[in-house]
Amino acid sequence: MMVCEYKPGLEGIPAAQSSISYVDGQKGILEYRGIRIEELAEKSTFLETAYLLIWGELPSKEELEAFEHEVRHHRRIKYRIRDMMKCFPESGHPMDALQASAAALGLFYSLRDLHNPAYIRDSVVRLIATIPTMVAAFQLMRKGNDPVRPRDDLDYSANFLYMLNEQEPDPLAARIFDICLILHVEHTMNASTFSARVTASTLTDPYAVVASAVGTLGGPLHGGANEEVIQMLEEIGSVENVRPYVEELIQRKAKIMGFGHRVYKVKDPRATILQNLAEQLFAKFGADKYYDIAQEVERVVGEKLGSKGIYPNVDFYSGLVYRKMGIPTDLFTPIFAIARVAGWLAHWKEQLAENRIFRPTQVYNGKHDIAYTPIEQR
């Protein structure tokens with residue numbers, strides 16, 4: 001009998017071959033299809049980056065314009081999905097609402113014609129286009145308001161911010177939000193991407209793939225960490241409280257939200273970019289007192305734990321950026337999902353190309369040859 005080495009969380013075990021993204025955790029490098037994240041954040045847009053990830057190369061001007069046109073004109077959602085969302089409890093988390101809505105979308109487009117390039121493209125366009133609409137719609141409906149209709153004259157990020165409050169956003173805020181989506185769109189074989197590929201390997205429809213990944217992203221150890229970073233900063237309250245707060249967490253061996261990463265042993269390159277974006281927002285729209293606290297947390301954690309490779313990850317500064325835009329804390333992770341949908345779809349498409357259903361083994365540690373005990377003897 002073959003003896004398997006057990007690795008909790010499958011740490012370090014390759015689950016697929018992929019050409020979508022690359023990470024060097026020792027050097028702090030992140031690439032999408034070979035292009036450094038810093039260059040994409042400076043020069044690209046979210047939809048261009050999504051195209052790059054899904055179809056494997058940067059689009060021509062004509063290809064990008066066609067893709068953008070398709071996305072603009074598929075933003076609206078079925079009225080029955082809106083009616084369903086109105087029945088969701090107002091206290092429900094937006095990630096739960098998004099997971100249910102993404103799954104419901106598959107009821108209307110469940111053809112599963114996975115060998116048809118037109119079906120694949122239509123599914124990609126529809127999911128990238130409608131996920132932001134569903135996030136914004138639930139935000140307004142849980143307050144008792146009707147959702148705001150998308151505007152075809154606005155680009156992807158500006159339209160989402162408009163749908164949140166029916167006010168056209170400042171161009172700087174819209175561009176910074178678009179960069180945030182680029183930073184969150186893909187990151188190799190993380191938990192939600194693995195979930196997406198496992199679901200995709202069964203040859204179900206892409207809506208079930210996205211719903212599965214959304215459910216995985218919602219956990220506090222994955223996408224939900226940026227919400228908890230803001231809660232931590234609020235709990236600390238002042239720069240003076242940072243050191244005793246951090247030292248107490250370290251003493252208890254408790255997790256410091258927004259720090260540490262399975263791959264990066266230096267500061268996450270996305271955190272560096274997000275910190276710069278936060279400073280741009282503060283320079284134009286005013287400072288945030290929690291930013292000073294965050295900087296001190298980074299300094300103290302670096303002093304205490306930097307030798308162990310624990311530095312800020314993507315979640316540490318993203319919440320401060322969204323907070324400055326007036327976005328509610330519990331929408332931070334759904335925004336993560338808006339971006340990551342394109343990454344999940346890139347992996348869905350790659351999985352279909354050479355599919356084999358996932359069927360890992362296990363290391364059994366239970367008992368053997370236990371006799372059944374009749375119920376009257378228990």
# chains A, B, ... in the order shown; residues from 1 in each chain; ligands from 1
>>> closest_atom_pairs(of="range 8-126 of chain A", to="range 139-150 of chain A", cutoff="9 Å", atoms="only C-alpha atoms", output="Markdown table")
| residue | atom | partner | partner_atom | distance |
| --- | --- | --- | --- | --- |
| A:Arg72 | CA | A:Pro150 | CA | 8.6 |
| A:Arg75 | CA | A:Pro150 | CA | 6.5 |
| A:Arg76 | CA | A:Pro150 | CA | 6.8 |
| A:Arg82 | CA | A:Pro147 | CA | 8.5 |
| A:Met85 | CA | A:Met141 | CA | 7.8 |
| A:Lys86 | CA | A:Met141 | CA | 6.3 |
| A:Phe88 | CA | A:Arg142 | CA | 8.0 |
| A:Pro89 | CA | A:Arg142 | CA | 7.5 |
| A:Glu90 | CA | A:Arg142 | CA | 4.7 |
| A:Ser91 | CA | A:Arg142 | CA | 7.8 |
| A:Gly92 | CA | A:Arg142 | CA | 8.7 |
| A:Pro94 | CA | A:Gln139 | CA | 7.5 |
>>> write_last_selection(atoms="N, CA and C atoms", output="compact mmCIF listing (two decimals), in the first residue's frame")
# COMPACT_ATOMS: atom_id res chain seq x y z
N ARG A 72 -20.26 46.32 -21.31
CA ARG A 72 -21.15 47.47 -21.05
C ARG A 72 -22.62 47.11 -21.28
N ARG A 75 -24.69 44.44 -18.45
CA ARG A 75 -24.63 44.75 -17.02
C ARG A 75 -25.94 44.54 -16.29
N ARG A 76 -27.04 44.56 -17.02
CA ARG A 76 -28.34 44.47 -16.36
C ARG A 76 -28.63 43.02 -15.97
N ARG A 82 -33.48 40.16 -9.32
CA ARG A 82 -33.70 41.31 -8.42
C ARG A 82 -34.78 41.00 -7.40
N MET A 85 -33.45 38.76 -4.75
CA MET A 85 -32.55 39.48 -3.84
C MET A 85 -33.32 40.34 -2.85
N LYS A 86 -34.47 40.83 -3.24
CA LYS A 86 -35.28 41.63 -2.33
C LYS A 86 -35.78 40.81 -1.15
N PHE A 88 -33.92 38.56 0.38
CA PHE A 88 -32.80 38.23 1.27
C PHE A 88 -32.92 39.05 2.56
N PRO A 89 -32.54 38.50 3.70
CA PRO A 89 -32.60 39.27 4.94
C PRO A 89 -31.66 40.47 4.90
N GLU A 90 -32.12 41.60 5.42
CA GLU A 90 -31.31 42.82 5.39
C GLU A 90 -30.03 42.66 6.19
N SER A 91 -30.04 41.77 7.18
CA SER A 91 -28.87 41.56 8.03
C SER A 91 -27.87 40.58 7.42
N GLY A 92 -28.22 39.99 6.28
CA GLY A 92 -27.34 39.01 5.66
C GLY A 92 -26.07 39.66 5.13
N PRO A 94 -23.25 40.55 2.51
CA PRO A 94 -23.27 40.68 1.04
C PRO A 94 -22.59 39.54 0.31
>>> residues_around(residues="His347 in chain A", least_positions_apart="6", cutoff="8 Å", atoms="only C-alpha atoms", output="VMD selection string")
chain A and resid 20 54 193 196 to 197
>>> write_last_selection(atoms="all heavy atoms", output="PDB file, in the first residue's frame")
ATOM      1  N   ILE A  20      -1.125  31.272 -15.936  1.00  0.00           N
ATOM      2  CA  ILE A  20      -1.919  32.480 -15.717  1.00  0.00           C
ATOM      3  C   ILE A  20      -1.179  33.511 -14.877  1.00  0.00           C
ATOM      4  O   ILE A  20      -1.108  34.694 -15.241  1.00  0.00           O
ATOM      5  CB  ILE A  20      -3.280  32.118 -15.083  1.00  0.00           C
ATOM      6  CG1 ILE A  20      -4.083  31.232 -16.035  1.00  0.00           C
ATOM      7  CG2 ILE A  20      -4.070  33.375 -14.750  1.00  0.00           C
ATOM      8  CD1 ILE A  20      -5.333  30.637 -15.438  1.00  0.00           C
ATOM      9  N   ILE A  54      -7.652  35.828 -19.208  1.00  0.00           N
ATOM     10  CA  ILE A  54      -8.579  34.813 -19.708  1.00  0.00           C
ATOM     11  C   ILE A  54      -8.164  34.279 -21.074  1.00  0.00           C
ATOM     12  O   ILE A  54      -8.221  33.073 -21.329  1.00  0.00           O
ATOM     13  CB  ILE A  54     -10.009  35.382 -19.749  1.00  0.00           C
ATOM     14  CG1 ILE A  54     -10.488  35.693 -18.313  1.00  0.00           C
ATOM     15  CG2 ILE A  54     -10.973  34.416 -20.432  1.00  0.00           C
ATOM     16  CD1 ILE A  54     -11.740  36.539 -18.247  1.00  0.00           C
ATOM     17  N   THR A 193      -9.443  29.997  -5.768  1.00  0.00           N
ATOM     18  CA  THR A 193      -9.106  29.531  -7.113  1.00  0.00           C
ATOM     19  C   THR A 193      -9.066  28.008  -7.158  1.00  0.00           C
ATOM     20  O   THR A 193      -9.524  27.381  -8.117  1.00  0.00           O
ATOM     21  CB  THR A 193      -7.760  30.122  -7.551  1.00  0.00           C
ATOM     22  OG1 THR A 193      -7.884  31.551  -7.600  1.00  0.00           O
ATOM     23  CG2 THR A 193      -7.345  29.613  -8.915  1.00  0.00           C
ATOM     24  N   ALA A 196     -12.532  26.908  -7.292  1.00  0.00           N
ATOM     25  CA  ALA A 196     -13.073  27.098  -8.641  1.00  0.00           C
ATOM     26  C   ALA A 196     -12.621  25.976  -9.579  1.00  0.00           C
ATOM     27  O   ALA A 196     -13.419  25.441 -10.355  1.00  0.00           O
ATOM     28  CB  ALA A 196     -12.638  28.452  -9.190  1.00  0.00           C
ATOM     29  N   ARG A 197     -11.354  25.601  -9.493  1.00  0.00           N
ATOM     30  CA  ARG A 197     -10.846  24.569 -10.397  1.00  0.00           C
ATOM     31  C   ARG A 197     -11.417  23.197 -10.058  1.00  0.00           C
ATOM     32  O   ARG A 197     -11.701  22.394 -10.963  1.00  0.00           O
ATOM     33  CB  ARG A 197      -9.317  24.547 -10.376  1.00  0.00           C
ATOM     34  CG  ARG A 197      -8.708  25.774 -11.018  1.00  0.00           C
ATOM     35  CD  ARG A 197      -7.231  25.613 -11.312  1.00  0.00           C
ATOM     36  NE  ARG A 197      -7.010  24.791 -12.501  1.00  0.00           N
ATOM     37  CZ  ARG A 197      -6.191  25.122 -13.511  1.00  0.00           C
ATOM     38  NH1 ARG A 197      -5.529  26.272 -13.475  1.00  0.00           N
ATOM     39  NH2 ARG A 197      -6.035  24.317 -14.533  1.00  0.00           N
TER      40      ARG A 197
END
>>> atom_distance(atom1="CA of Leu331 in chain A", atom2="CA of Val71 in chain A")
21.9 Å
>>> residues_around(residues="Met95 in chain A", least_positions_apart="3", cutoff="7 Å", atoms="only C-alpha atoms", output="MDAnalysis selection string")
chainID A and resid 98:99 218 334
>>> select_by_dssp(residues="range 318-363 of chain A", states="alpha helix (DSSP H)", output="list in words")
Ser318, Gly319, Leu320, Val321, Tyr322, Arg323, Lys324, Phe332, Thr333, Pro334, Ile335, Phe336, Ala337, Ile338, Ala339, Arg340, Val341, Ala342, Gly343, Trp344, Leu345, Ala346, His347, Trp348, Lys349, Glu350, Gln351, Leu352 and Ala353 of chain A
>>> closest_atom_pairs(of="range 93-166 of chain A", to="range 207-217 of chain A", cutoff="8 Å", atoms="only C-alpha atoms", output="Markdown table")
| residue | atom | partner | partner_atom | distance |
| --- | --- | --- | --- | --- |
| A:Met95 | CA | A:Val214 | CA | 7.1 |
| A:Asp96 | CA | A:Gly215 | CA | 7.3 |
| A:Leu98 | CA | A:Val214 | CA | 7.5 |
| A:Gln99 | CA | A:Ala211 | CA | 4.9 |
| A:Ala100 | CA | A:Ala211 | CA | 7.1 |
| A:Ala102 | CA | A:Ala211 | CA | 5.5 |
| A:Ala103 | CA | A:Ala211 | CA | 5.4 |
| A:Leu105 | CA | A:Tyr207 | CA | 6.6 |
| A:Gly106 | CA | A:Tyr207 | CA | 5.0 |
| A:Leu127 | CA | A:Tyr207 | CA | 7.6 |
>>> closest_residue(among="A:Ala287, A:Ile370, A:Ala254, A:Val314", to="Ala225 in chain A", atoms="only C-alpha atoms")
A:Val314
>>> atom_distance(atom1="CA of Gly34 in chain A", atom2="CA of Ala346 in chain A")
14.7 Å
>>> closest_residue(among="A:Tyr264, A:Lys253, A:Leu233, A:Gly326", to="Gln295 in chain A", atoms="only C-alpha atoms")
A:Leu233
>>> closest_residue(among="A:Ile338, A:Ala97, A:Ile273, A:Leu305", to="Gln251 in chain A", atoms="only C-alpha atoms")
A:Leu305
>>> atom_distance(atom1="CA of Glu228 in chain A", atom2="CA of Asn241 in chain A")
17.5 Å
>>> closest_residue(among="A:Val341, A:Met325, A:Leu47, A:Leu203", to="Pro171 in chain A", atoms="only C-alpha atoms")
A:Met325
>>> closest_atom_pairs(of="range 266-326 of chain A", to="range 40-46 of chain A", cutoff="12 Å", atoms="only C-alpha atoms", output="CSV")
residue,atom,partner,partner_atom,distance
A:Pro269,CA,A:Ala41,CA,11.0
A:Arg270,CA,A:Ala41,CA,9.4
A:Thr272,CA,A:Ala41,CA,11.6
A:Ile273,CA,A:Ala41,CA,8.1
A:Leu274,CA,A:Ala41,CA,10.1
A:Asn276,CA,A:Ala41,CA,11.5
A:Leu277,CA,A:Ala41,CA,10.5
>>> write_last_selection(atoms="N, CA, C and O atoms", output="mmCIF file, in the first residue's frame")
data_model
loop_
_atom_site.group_PDB
_atom_site.id
_atom_site.type_symbol
_atom_site.label_atom_id
_atom_site.label_comp_id
_atom_site.auth_asym_id
_atom_site.auth_seq_id
_atom_site.Cartn_x
_atom_site.Cartn_y
_atom_site.Cartn_z
ATOM 1 N N PRO A 269 3.754 42.904 -2.827
ATOM 2 C CA PRO A 269 3.858 44.039 -3.753
ATOM 3 C C PRO A 269 2.532 44.763 -3.947
ATOM 4 O O PRO A 269 2.506 45.973 -4.209
ATOM 5 N N ARG A 270 1.433 44.052 -3.795
ATOM 6 C CA ARG A 270 0.119 44.692 -3.915
ATOM 7 C C ARG A 270 -0.137 45.628 -2.744
ATOM 8 O O ARG A 270 -0.779 46.673 -2.896
ATOM 9 N N THR A 272 2.152 47.380 -1.217
ATOM 10 C CA THR A 272 2.933 48.587 -1.500
ATOM 11 C C THR A 272 2.173 49.514 -2.431
ATOM 12 O O THR A 272 2.100 50.741 -2.211
ATOM 13 N N ILE A 273 1.580 48.946 -3.484
ATOM 14 C CA ILE A 273 0.806 49.756 -4.431
ATOM 15 C C ILE A 273 -0.423 50.342 -3.746
ATOM 16 O O ILE A 273 -0.755 51.527 -3.916
ATOM 17 N N LEU A 274 -1.123 49.538 -2.955
ATOM 18 C CA LEU A 274 -2.326 50.005 -2.267
ATOM 19 C C LEU A 274 -2.004 51.117 -1.271
ATOM 20 O O LEU A 274 -2.784 52.067 -1.113
ATOM 21 N N ASN A 276 0.312 53.329 -1.590
ATOM 22 C CA ASN A 276 0.478 54.524 -2.424
ATOM 23 C C ASN A 276 -0.866 55.075 -2.892
ATOM 24 O O ASN A 276 -1.090 56.298 -2.904
ATOM 25 N N LEU A 277 -1.784 54.185 -3.257
ATOM 26 C CA LEU A 277 -3.115 54.616 -3.677
ATOM 27 C C LEU A 277 -3.854 55.300 -2.530
ATOM 28 O O LEU A 277 -4.547 56.317 -2.730
#
>>> residues_around(residues="Met189 in chain A", least_positions_apart="6", cutoff="10 Å", atoms="only C-alpha atoms", output="list in words")
Pro14, Ala15, Ala16, Gln17, Ser18, Ser21, Tyr22, Ser195, Ala196, Arg197 and His347 of chain A
>>> closest_residue(among="A:Val301, A:Met232, A:Tyr51, A:Ile293", to="Glu65 in chain A", atoms="only C-alpha atoms")
A:Tyr51
>>> closest_residue(among="A:Phe285, A:Trp55, A:Tyr109, A:Tyr311", to="Gly260 in chain A", atoms="only C-alpha atoms")
A:Tyr311
>>> residues_around(residues="Asn355 in chain A", least_positions_apart="4", cutoff="9 Å", atoms="only C-alpha atoms", output="MDAnalysis selection string")
chainID A and resid 200:203 350:351
>>> residues_around(residues="Val185 in chain A", least_positions_apart="4", cutoff="6 Å", atoms="only C-alpha atoms", output="list in words")
Leu181, Ala339, Arg340 and Gly343 of chain A
>>> residues_around(residues="Leu58 in chain A", least_positions_apart="6", cutoff="8 Å", atoms="only C-alpha atoms", output="PyMOL selection string")
chain A and resi 48-49+51-52
